[in-house]
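Data block for start-v5.cif (mmCIF, C-alpha atoms and all ligand atoms):
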data_start
#
loop_
_atom_site.label_atom_id
_atom_site.label_comp_id
_atom_site.auth_asym_id
_atom_site.auth_seq_id
_atom_site.Cartn_x
_atom_site.Cartn_y
_atom_site.Cartn_z
CA MET A 1 42.58 -16.50 37.24
CA LYS A 2 41.13 -13.05 36.92
CA ASN A 3 40.18 -11.20 40.08
CA ILE A 4 36.68 -9.90 40.66
CA TYR A 5 36.61 -6.75 42.78
CA PHE A 6 33.76 -6.60 45.25
CA THR A 7 35.63 -3.71 46.84
CA VAL A 8 33.73 -0.54 47.77
CA GLY A 9 35.90 1.67 45.57
CA PRO A 10 37.68 1.54 43.25
CA SER A 11 35.62 -1.47 42.28
CA GLN A 12 35.13 -3.96 39.45
CA LEU A 13 35.19 -2.20 36.08
CA TYR A 14 31.84 -2.18 34.32
CA PRO A 15 31.45 -5.17 31.95
CA THR A 16 31.36 -2.97 28.82
CA TYR A 17 34.34 -0.84 29.94
CA HIS A 18 36.94 -2.69 27.84
CA LYS A 19 34.90 -2.35 24.67
CA HIS A 20 34.47 1.40 25.13
CA MET A 21 38.13 1.83 26.06
CA GLN A 22 39.16 0.17 22.79
CA GLN A 23 36.83 2.45 20.87
CA ALA A 24 38.29 5.48 22.70
CA LEU A 25 41.79 4.45 21.61
CA LYS A 26 40.59 4.00 18.05
CA GLU A 27 39.06 7.48 18.08
CA ASP A 28 42.17 9.11 19.66
CA ILE A 29 40.11 10.47 22.56
CA GLY A 30 43.33 10.96 24.55
CA SER A 31 44.65 13.45 22.01
CA ILE A 32 41.65 15.59 21.09
CA SER A 33 41.31 19.22 22.20
CA HIS A 34 38.97 19.99 25.07
CA ARG A 35 38.01 23.16 23.14
CA GLY A 36 36.98 21.33 19.97
CA GLN A 37 33.63 20.14 18.64
CA LEU A 38 34.26 16.46 19.40
CA PHE A 39 34.73 17.19 23.09
CA LYS A 40 31.49 19.18 23.13
CA GLU A 41 29.70 16.13 21.73
CA ILE A 42 31.32 13.95 24.40
CA TYR A 43 30.23 16.35 27.16
CA LYS A 44 26.72 16.60 25.71
CA ASN A 45 26.37 12.83 25.54
CA ALA A 46 27.56 12.30 29.13
CA ASP A 47 25.23 15.07 30.30
CA SER A 48 22.13 13.79 28.53
CA GLN A 49 22.71 10.10 29.34
CA LEU A 50 23.29 10.88 33.01
CA ARG A 51 20.20 13.11 33.12
CA LYS A 52 18.14 10.31 31.68
CA LEU A 53 19.57 7.66 34.01
CA MET A 54 19.18 9.65 37.20
CA ASN A 55 16.16 11.74 36.21
CA ILE A 56 18.03 15.04 36.61
CA PRO A 57 15.82 17.99 35.59
CA LEU A 58 16.98 21.02 33.58
CA THR A 59 16.73 23.12 36.77
CA HIS A 60 20.00 21.42 37.72
CA HIS A 61 23.51 21.75 36.30
CA ILE A 62 25.95 18.90 35.84
CA PHE A 63 29.60 19.84 36.47
CA PHE A 64 32.75 17.74 36.22
CA THR A 65 35.35 17.93 38.99
CA GLY A 66 38.54 16.06 39.84
CA SER A 67 36.94 13.90 42.53
CA ALA A 68 34.02 13.68 44.95
CA LEU A 69 36.13 15.28 47.66
CA GLU A 70 36.70 18.26 45.41
CA ALA A 71 32.93 18.49 44.87
CA MET A 72 32.48 18.38 48.64
CA GLU A 73 34.87 21.31 49.09
CA ARG A 74 33.30 23.32 46.23
CA THR A 75 29.85 22.74 47.72
CA VAL A 76 30.83 24.29 51.05
CA GLN A 77 32.78 27.12 49.37
CA ASN A 78 29.92 28.10 47.08
CA LEU A 79 26.94 27.60 49.37
CA VAL A 80 28.09 28.71 52.81
CA GLU A 81 29.03 32.13 54.04
CA LEU A 82 29.03 31.26 57.73
CA SER A 83 26.94 28.33 58.80
CA SER A 84 26.62 24.74 57.58
CA TYR A 85 24.97 21.92 59.51
CA HIS A 86 26.30 18.37 59.28
CA LEU A 87 24.78 14.97 59.94
CA ILE A 88 27.81 12.89 60.93
CA ASN A 89 27.59 9.10 60.93
CA GLY A 90 31.04 8.05 59.74
CA GLU A 91 34.34 9.14 58.25
CA PHE A 92 33.10 10.74 55.02
CA SER A 93 30.44 12.86 56.72
CA LYS A 94 33.12 13.87 59.23
CA LYS A 95 35.32 14.99 56.36
CA PHE A 96 32.46 17.14 55.03
CA PHE A 97 32.31 18.86 58.43
CA GLU A 98 36.10 19.26 58.64
CA PHE A 99 36.25 20.83 55.17
CA SER A 100 33.81 23.47 56.41
CA VAL A 101 36.01 24.13 59.47
CA GLN A 102 39.12 24.37 57.28
CA LEU A 103 37.38 26.80 54.94
CA GLY A 104 36.82 29.11 57.88
CA LYS A 105 33.07 28.59 58.22
CA LYS A 106 31.22 27.96 61.47
CA PRO A 107 29.76 24.47 60.98
CA GLN A 108 27.45 22.79 63.48
CA LYS A 109 26.77 19.08 63.72
CA ILE A 110 24.79 16.21 65.07
CA GLU A 111 26.86 13.06 65.43
CA VAL A 112 25.91 9.43 66.02
CA LYS A 113 28.16 6.49 66.83
CA PRO A 114 29.40 4.43 63.87
CA GLY A 115 26.67 2.06 62.74
CA GLN A 116 23.84 4.09 64.28
CA GLY A 117 21.15 6.04 62.45
CA PHE A 118 19.69 9.48 63.10
CA ASP A 119 16.43 10.10 64.89
CA PHE A 120 15.09 12.67 62.45
CA LYS A 121 12.30 13.75 64.80
CA LYS A 122 14.93 15.02 67.20
CA ILE A 123 17.06 16.95 64.71
CA LYS A 124 16.55 20.68 65.30
CA ILE A 125 18.39 22.84 62.82
CA PRO A 126 18.96 26.52 63.73
CA LYS A 127 17.24 29.00 61.41
CA ASP A 128 20.48 30.69 60.37
CA VAL A 129 21.90 27.52 58.81
CA GLU A 130 22.56 28.06 55.09
CA LEU A 131 23.42 24.51 54.07
CA ILE A 132 22.53 21.07 55.45
CA CYS A 133 25.20 18.47 54.58
CA LEU A 134 24.80 14.73 54.73
CA THR A 135 26.24 11.51 53.41
CA GLN A 136 23.35 9.55 51.96
CA ASN A 137 25.35 6.32 51.92
CA GLU A 138 28.19 6.30 54.46
CA THR A 139 30.74 3.91 52.96
CA SER A 140 32.86 3.76 56.11
CA THR A 141 30.12 2.13 58.19
CA GLY A 142 27.60 0.75 55.68
CA THR A 143 24.69 2.94 56.78
CA MET A 144 22.30 4.78 54.53
CA ILE A 145 19.75 7.54 55.01
CA LYS A 146 16.36 7.08 53.37
CA MET A 147 15.46 9.78 50.87
CA ASP A 148 12.09 10.40 52.55
CA GLN A 149 13.88 11.48 55.70
CA ILE A 150 16.07 13.86 53.72
CA TYR A 151 12.97 15.37 52.06
CA SER A 152 11.33 15.82 55.46
CA LEU A 153 14.43 17.68 56.64
CA LYS A 154 14.09 19.98 53.63
CA LYS A 155 10.41 20.53 54.37
CA LYS A 156 11.12 21.48 57.97
CA ASN A 157 14.00 23.79 56.98
CA PRO A 158 12.95 25.44 53.72
CA GLN A 159 15.42 28.30 54.24
CA ALA A 160 18.43 25.97 53.99
CA LEU A 161 19.96 24.38 50.91
CA ILE A 162 20.61 20.63 51.02
CA ALA A 163 23.84 18.93 49.90
CA MET A 164 24.24 15.21 49.65
CA ASP A 165 27.20 12.88 49.16
CA ILE A 166 25.94 10.02 46.96
CA VAL A 167 29.33 8.58 46.02
CA SER A 168 28.60 4.98 46.95
CA SER A 169 24.86 4.84 46.21
CA VAL A 170 24.69 6.10 42.60
CA PRO A 171 22.96 5.19 40.38
CA TYR A 172 20.90 3.06 42.76
CA VAL A 173 19.63 5.98 44.85
CA ASP A 174 16.38 7.42 43.46
CA ILE A 175 16.39 11.20 43.96
CA ASP A 176 13.71 13.85 43.59
CA PHE A 177 16.08 16.63 42.59
CA SER A 178 13.46 19.34 43.18
CA LYS A 179 14.30 18.91 46.87
CA ILE A 180 18.11 18.73 46.58
CA ASP A 181 20.56 21.57 45.83
CA SER A 182 23.85 19.70 45.56
CA ALA A 183 24.58 16.02 45.00
CA PHE A 184 27.97 14.64 44.07
CA PHE A 185 29.83 11.44 43.35
CA SER A 186 32.97 10.03 41.78
CA VAL A 187 32.93 7.38 39.08
CA GLN A 188 35.09 4.60 40.54
CA LYS A 189 32.28 3.18 42.68
CA GLY A 190 28.77 2.79 41.23
CA PHE A 191 29.79 3.38 37.63
CA GLY A 192 32.63 0.88 37.44
CA LEU A 193 35.13 3.31 35.92
CA PRO A 194 38.75 4.10 36.85
CA ALA A 195 39.12 6.90 39.42
CA GLY A 196 39.85 10.50 38.52
CA LEU A 197 36.50 12.11 37.76
CA GLY A 198 33.90 13.69 40.03
CA VAL A 199 30.37 14.73 39.08
CA LEU A 200 28.62 17.59 40.86
CA ILE A 201 24.92 18.23 40.31
CA VAL A 202 23.64 21.60 41.58
CA SER A 203 20.35 23.49 41.45
CA ASN A 204 19.78 26.95 39.94
CA LYS A 205 19.10 28.06 43.50
CA ALA A 206 22.59 26.92 44.48
CA VAL A 207 24.14 28.88 41.62
CA LYS A 208 22.25 31.99 42.79
CA LYS A 209 23.66 31.52 46.27
CA ALA A 210 27.19 31.32 44.82
CA GLN A 211 26.54 34.57 42.92
CA GLN A 212 25.47 36.27 46.15
CA LEU A 213 28.58 35.10 47.99
CA HIS A 214 30.79 36.19 45.10
CA LYS A 215 29.21 39.67 45.16
CA LYS A 216 29.97 39.88 48.87
CA ASN A 217 33.61 39.05 48.14
CA VAL A 218 33.44 35.64 49.82
CA SER A 219 35.99 33.31 48.21
CA ILE A 220 34.11 30.62 46.24
CA GLY A 221 37.15 28.90 44.73
CA THR A 222 39.50 29.62 41.86
CA TYR A 223 39.34 27.76 38.53
CA HIS A 224 36.39 25.69 39.76
CA ASN A 225 33.50 27.56 41.29
CA PHE A 226 29.80 27.36 40.41
CA LEU A 227 30.03 30.53 38.29
CA SER A 228 33.05 29.49 36.21
CA LEU A 229 31.58 26.01 35.83
CA VAL A 230 28.19 27.35 34.63
CA GLU A 231 29.88 29.69 32.19
CA LYS A 232 31.70 26.81 30.53
CA GLU A 233 28.84 24.34 30.89
CA THR A 234 26.66 26.48 28.63
CA ILE A 235 29.10 25.77 25.79
CA PHE A 236 29.72 22.14 26.90
CA GLN A 237 33.21 22.81 28.15
CA THR A 238 35.07 22.91 31.45
CA PRO A 239 37.35 25.67 32.84
CA GLU A 240 40.39 23.36 32.93
CA THR A 241 41.59 20.53 30.71
CA PRO A 242 39.36 17.81 32.15
CA ASN A 243 39.51 14.04 32.26
CA VAL A 244 38.20 13.77 28.71
CA LEU A 245 38.64 10.01 28.55
CA ASN A 246 36.60 9.37 31.69
CA ILE A 247 33.87 11.81 30.65
CA TYR A 248 33.64 9.88 27.37
CA LEU A 249 33.49 6.53 29.19
CA LEU A 250 30.89 7.80 31.67
CA GLY A 251 28.60 8.79 28.79
CA GLN A 252 29.03 5.37 27.18
CA ILE A 253 28.36 3.45 30.38
CA CYS A 254 25.31 5.57 31.27
CA GLN A 255 24.05 4.80 27.77
CA ASP A 256 24.52 1.07 28.41
CA MET A 257 22.74 1.39 31.75
CA ASN A 258 19.88 3.28 30.09
CA LYS A 259 19.52 0.41 27.63
CA ILE A 260 19.05 -2.00 30.54
CA GLY A 261 16.83 0.53 32.34
CA ILE A 262 17.39 2.03 35.77
CA LYS A 263 14.38 0.19 37.17
CA LYS A 264 15.89 -3.16 36.31
CA ILE A 265 19.34 -2.11 37.60
CA ARG A 266 17.80 -1.13 40.95
CA GLN A 267 15.85 -4.35 41.09
CA GLN A 268 19.01 -6.41 40.44
CA ILE A 269 20.83 -4.53 43.21
CA ASP A 270 17.93 -5.23 45.59
CA GLU A 271 18.04 -8.93 44.71
CA LYS A 272 21.80 -9.15 45.32
CA ALA A 273 21.48 -7.22 48.58
CA LYS A 274 18.85 -9.64 49.83
CA LEU A 275 21.06 -12.60 48.97
CA ILE A 276 24.07 -11.10 50.77
CA TYR A 277 22.20 -10.03 53.90
CA ASP A 278 20.28 -13.33 54.11
CA PHE A 279 23.59 -15.16 53.93
CA PHE A 280 25.19 -13.20 56.77
CA ASP A 281 22.01 -12.96 58.90
CA ASN A 282 22.00 -16.77 58.87
CA HIS A 283 25.75 -17.23 59.29
CA LYS A 284 27.04 -18.66 62.59
CA SER A 285 29.77 -16.10 63.23
CA LEU A 286 29.83 -13.44 60.50
CA LYS A 287 27.07 -10.85 61.04
CA PRO A 288 25.99 -7.60 59.35
CA PHE A 289 27.31 -4.64 61.36
CA ILE A 290 24.06 -2.74 60.83
CA SER A 291 21.20 -4.63 62.43
CA ASP A 292 18.50 -1.96 61.99
CA LEU A 293 16.98 -2.54 58.55
CA ASP A 294 15.92 1.11 58.34
CA PHE A 295 19.45 2.29 57.77
CA ARG A 296 21.25 -0.72 56.37
CA SER A 297 22.97 0.16 53.10
CA THR A 298 21.92 -1.69 49.96
CA THR A 299 25.10 -0.91 48.01
CA THR A 300 27.95 -1.13 50.53
CA MET A 301 27.67 -3.86 53.16
CA THR A 302 29.69 -3.98 56.33
CA ILE A 303 30.16 -7.37 57.98
CA GLU A 304 31.57 -8.11 61.43
CA THR A 305 34.23 -10.81 61.36
CA ASN A 306 35.19 -11.40 65.01
CA GLY A 307 38.72 -10.24 64.21
CA LEU A 308 39.08 -12.66 61.30
CA SER A 309 39.09 -10.02 58.56
CA LYS A 310 42.62 -10.77 57.42
CA LYS A 311 41.99 -14.50 57.13
CA ILE A 312 38.74 -14.03 55.24
CA ILE A 313 40.20 -11.44 52.89
CA THR A 314 43.20 -13.69 52.15
CA GLN A 315 41.13 -16.80 51.54
CA LEU A 316 38.68 -14.99 49.28
CA ALA A 317 41.58 -13.43 47.36
CA SER A 318 43.11 -16.88 46.82
CA LYS A 319 39.94 -17.71 44.85
CA GLY A 320 39.98 -14.41 42.97
CA PHE A 321 37.44 -12.46 45.04
CA ILE A 322 38.66 -9.15 46.38
CA VAL A 323 36.70 -7.45 49.19
CA SER A 324 37.50 -4.35 51.27
CA GLU A 325 38.74 -4.37 54.83
CA GLY A 326 36.87 -2.41 57.49
CA TYR A 327 37.39 1.35 57.52
CA GLY A 328 39.78 2.94 60.01
CA GLN A 329 39.27 1.56 63.51
CA PHE A 330 37.32 -1.41 62.03
CA LYS A 331 40.17 -2.59 59.79
CA ASP A 332 40.62 -5.94 61.57
CA THR A 333 37.07 -6.56 62.76
CA GLN A 334 35.00 -5.92 59.65
CA ILE A 335 35.00 -6.51 55.90
CA ARG A 336 33.06 -4.47 53.36
CA ILE A 337 31.39 -5.79 50.22
CA ALA A 338 30.13 -3.63 47.37
CA ASN A 339 26.90 -4.26 45.50
CA PHE A 340 27.10 -2.03 42.44
CA PRO A 341 25.55 -2.43 38.95
CA THR A 342 28.82 -3.96 37.71
CA HIS A 343 28.58 -6.89 40.13
CA GLN A 344 27.04 -9.98 38.58
CA MET A 345 24.71 -12.27 40.46
CA ALA A 346 26.57 -15.39 39.26
CA ASP A 347 29.91 -14.07 40.60
CA LEU A 348 28.28 -13.13 43.88
CA LYS A 349 26.87 -16.63 44.30
CA ARG A 350 30.30 -18.13 43.65
CA MET A 351 31.85 -15.81 46.23
CA LEU A 352 29.26 -16.77 48.84
CA VAL A 353 30.08 -20.45 48.27
CA VAL A 354 33.73 -19.68 49.08
CA LEU A 355 32.70 -17.63 52.12
CA ALA A 356 30.54 -20.48 53.37
CA SER A 357 33.54 -22.79 53.29
CA ILE A 358 35.74 -20.54 55.46
CA ARG A 359 35.88 -21.79 59.05
C1 LIG B 401 34.85 7.22 48.25
C2 LIG B 401 34.01 8.23 48.89
C3 LIG B 401 34.34 9.59 48.85
C4 LIG B 401 35.60 10.11 48.22
O1 LIG B 401 35.62 9.95 46.85
P1 LIG B 401 36.92 10.46 46.02
O2 LIG B 401 36.67 9.96 44.65
O3 LIG B 401 38.11 9.84 46.66
O4 LIG B 401 36.95 11.93 46.12
C5 LIG B 401 33.47 10.49 49.46
N1 LIG B 401 32.34 10.07 50.04
C6 LIG B 401 31.99 8.77 50.10
C7 LIG B 401 30.72 8.38 50.78
C8 LIG B 401 32.81 7.80 49.52
O5 LIG B 401 32.46 6.52 49.57
#
Final structure tokens representation of the file:
Amino acid sequence: MKNIYFTVGPSQLYPTYHKHMQQALKEDIGSISHRGQLFKEIYKNADSQLRKLMNIPLTHHIFFTGSALEAMERTVQNLVELSSYHLINGEFSKKFFEFSVQLGKKPQKIEVKPGQGFDFKKIKIPKDVELICLTQNETSTGTMIKMDQIYSLKKKNPQALIAMDIVSSVPYVDIDFSKIDSAFFSVQKGFGLPAGLGVLIVSNKAVKKAQQLHKKNVSIGTYHNFLSLVEKETIFQTPETPNVLNIYLLGQICQDMNKIGIKKIRQQIDEKAKLIYDFFDNHKSLKPFISDLDFRSTTTMTIETNGLSKKIITQLASKGFIVSEGYGQFKDTQIRIANFPTHQMADLKRMLVVLASIR
């Protein structure tokens, strides 16, 4: 029996992954130089396919990093001299804030209890804030922030740049990049690839800010900073020897997703989300952690188990379905289920049949 990973990350590999991996081996992708023409073509393809998939305009750069957490650190380093402002609703948004503290900035925050949403009418951001940081889909709790609310925050605070963690909502999340200065993710969640590659999308305005900080002798990072990344990006290279294999695979999988069409992919995710939430909303004892539909995540679902997480996880695993335990303090009381493009409706239905039989 082969396992199916409904885990929130790393997750099930994308269905076409194996085919592309075989092709990569055939083409010796693991041995080519990252300064040669073939790598440039690989970079170009990943860049253009991702732009098409996520509607990323040419006003924005696409950089490759080691992970999403690295992109989070680079974002603070390059866009903040003193003051960032953080919307904290779980462990990843907390990390964003802590990175800013550790980098010697003076971050401010608004924090809600796990599972709660923000009241955007009440958020008052001081005028000296340079960067607003938020986690659009908080994987630790299963909450999401609607893009309209993020745009309204931008409208009310035009002086500040906006940075967004979209690790567990890409490519589902539909972004108007004209209102966003930094968005980042890693590939082991929504793209169904092995871990070890981060993608950082930043605006021209963000690059200008990094230039200003650099001129003022603020440290913006060593081998990876927005200036070194732009310099290499213009010739389709990276400052370091990157994860060539994963960049290749990302381009191929974006191409496959473009063939299906992002509209259809989003629609399929919506359909699966409805099925999952309907199942748990009608279940006798297992209930969605997030009851308010306004901030319930579509891509990472958190379910309360009455302390039966271990039993449920074990029984599902015995049938080949792997789900995530709750995050941190919720380890024993919740499970988390991912709903990414890689997850097939038929597999989901089979998993729900098993779940229904657990007493
Ligand atoms: C997984 C995750 C991260 C961290 O990603 P890495 O690839 O480990 O750097 C950051 N933010 C969110 C919301 C995540 O789900």
- request: For ligand LIG 401 (chain B), list the contacting residues at 9 Å or closer, counting all atoms listed in the file, as a ChimeraX atom specification.
  value: /A:8-10,66-72,90-93,95-96,135-140,165-169,184-189,195-198,300
Save the residues we just selected, C-alpha atoms, as a CSV table (one decimal), keeping the file's coordinate frame?
chain,number,residue,atom,x,y,z
A,8,VAL,CA,33.7,-0.5,47.8
A,9,GLY,CA,35.9,1.7,45.6
A,10,PRO,CA,37.7,1.5,43.2
A,66,GLY,CA,38.5,16.1,39.8
A,67,SER,CA,36.9,13.9,42.5
A,68,ALA,CA,34.0,13.7,45.0
A,69,LEU,CA,36.1,15.3,47.7
A,70,GLU,CA,36.7,18.3,45.4
A,71,ALA,CA,32.9,18.5,44.9
A,72,MET,CA,32.5,18.4,48.6
A,90,GLY,CA,31.0,8.0,59.7
A,91,GLU,CA,34.3,9.1,58.2
A,92,PHE,CA,33.1,10.7,55.0
A,93,SER,CA,30.4,12.9,56.7
A,95,LYS,CA,35.3,15.0,56.4
A,96,PHE,CA,32.5,17.1,55.0
A,135,THR,CA,26.2,11.5,53.4
A,136,GLN,CA,23.4,9.6,52.0
A,137,ASN,CA,25.4,6.3,51.9
A,138,GLU,CA,28.2,6.3,54.5
A,139,THR,CA,30.7,3.9,53.0
A,140,SER,CA,32.9,3.8,56.1
A,165,ASP,CA,27.2,12.9,49.2
A,166,ILE,CA,25.9,10.0,47.0
A,167,VAL,CA,29.3,8.6,46.0
A,168,SER,CA,28.6,5.0,47.0
A,169,SER,CA,24.9,4.8,46.2
A,184,PHE,CA,28.0,14.6,44.1
A,185,PHE,CA,29.8,11.4,43.4
A,186,SER,CA,33.0,10.0,41.8
A,187,VAL,CA,32.9,7.4,39.1
A,188,GLN,CA,35.1,4.6,40.5
A,189,LYS,CA,32.3,3.2,42.7
A,195,ALA,CA,39.1,6.9,39.4
A,196,GLY,CA,39.8,10.5,38.5
A,197,LEU,CA,36.5,12.1,37.8
A,198,GLY,CA,33.9,13.7,40.0
A,300,THR,CA,28.0,-1.1,50.5
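For Glu304 in chain A, the list of residues within 10 Å, based on only C-alpha atoms and with local chain neighbours fewer than 6 positions off taken out, reads Phe280, Ser285, Leu286, Lys287, Pro288, Phe289, Ile290, Gly326, Phe330, Asp332, Thr333, Gln334, Ile335 and Arg336 of chain A.
Taking only C-alpha atoms into account, Met351 in chain A lies nearest to A:Ile322 out of the set A:Ile322, A:Ala206, A:Leu50, A:Leu249.
Among the candidates A:Leu58, A:Val80, A:Leu245, A:Val202, the residue lying nearest to Lys216 in chain A is A:Val80 (atoms considered: only C-alpha atoms).
Between CA of Thr7 in chain A and CA of Ala46 in chain A there is a distance of 25.2 Å.
CA of Leu131 in chain A to CA of Ser203 in chain A spans 13.0 Å [interatomic distance, one decimal].
Within 12 Å of the point (30.5, 19.8, 68.6) in file coordinates, and counting only C-alpha atoms, lie the residues Tyr85, His86, Leu87, Ile88, Lys94, Phe97, Glu98, Val101, Lys106, Pro107, Gln108, Lys109, Ile110, Glu111 and Val112 of chain A.
Note that the spacing between CA of Gly30 in chain A and CA of Tyr17 in chain A amounts to 15.8 Å.
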task: Write out as an NGL selection string which residues come within 9 Å of Asp181 in chain A when counting all atoms listed in the file, dropping same-chain ones fewer than 2 positions away.
output: :A and (60 or 161-164 or 177-179 or 183 or 201-206)
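When only C-alpha atoms are used to measure the gap to Gln149 in chain A, the shortest distance among A:Phe64, A:Phe39, A:Pro171, A:Phe295 belongs to A:Phe295.
The closest residue to Phe118 in chain A, picked from A:Gly261, A:Asp294, A:Gln211, A:Glu81 and counting all atoms listed in the file, is A:Asp294.
Using all atoms listed in the file for every distance, the candidate list A:Met345, A:Ile253, A:Val244, A:Leu79 yields A:Met345 as the residue closest to Lys274 in chain A.
Counting all atoms listed in the file and comparing A:Asn306, A:Gln252, A:Asn258, A:Gln329, the residue that lies closest to Asn45 in chain A is A:Gln252.
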field: Shell around Arg74 in chain A at 8 Å using only C-alpha atoms, local window under 2 positions removed, as a PyMOL selection string
entry: chain A and resi 70-72+76-78+220-221+224-226
Report the closest atom pair, with its distance in Å rounded to one decimal, for each residue of range 5-43 of chain A that has an atom no farther than 9 Å from range 230-236 of chain A; count all atoms listed in the file, sort by chain and then rising residue number, and write it as CSV.
residue,atom,partner,partner_atom,distance
A:Phe39,CA,A:Phe236,CA,8.0
A:Lys40,CA,A:Phe236,CA,5.1
A:Glu41,CA,A:Phe236,CA,7.9
A:Ile42,CA,A:Phe236,CA,8.7
A:Tyr43,CA,A:Phe236,CA,5.8
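The list of residues with at least one atom within 9 Å of Met147 in chain A, based on all atoms listed in the file and without residues fewer than 4 positions apart in the same chain, reads Gln136, Tyr151, Ser152, Val173, Asp174, Ile175 and Asp176 of chain A.
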field: Distance query Phe279 in chain A at most 12 Å, only C-alpha atoms, self and fewer than 2 positions along chain excluded, as a PyMOL selection string
entry: chain A and resi 272-277+281-288+303+348-349+351-353+355-356
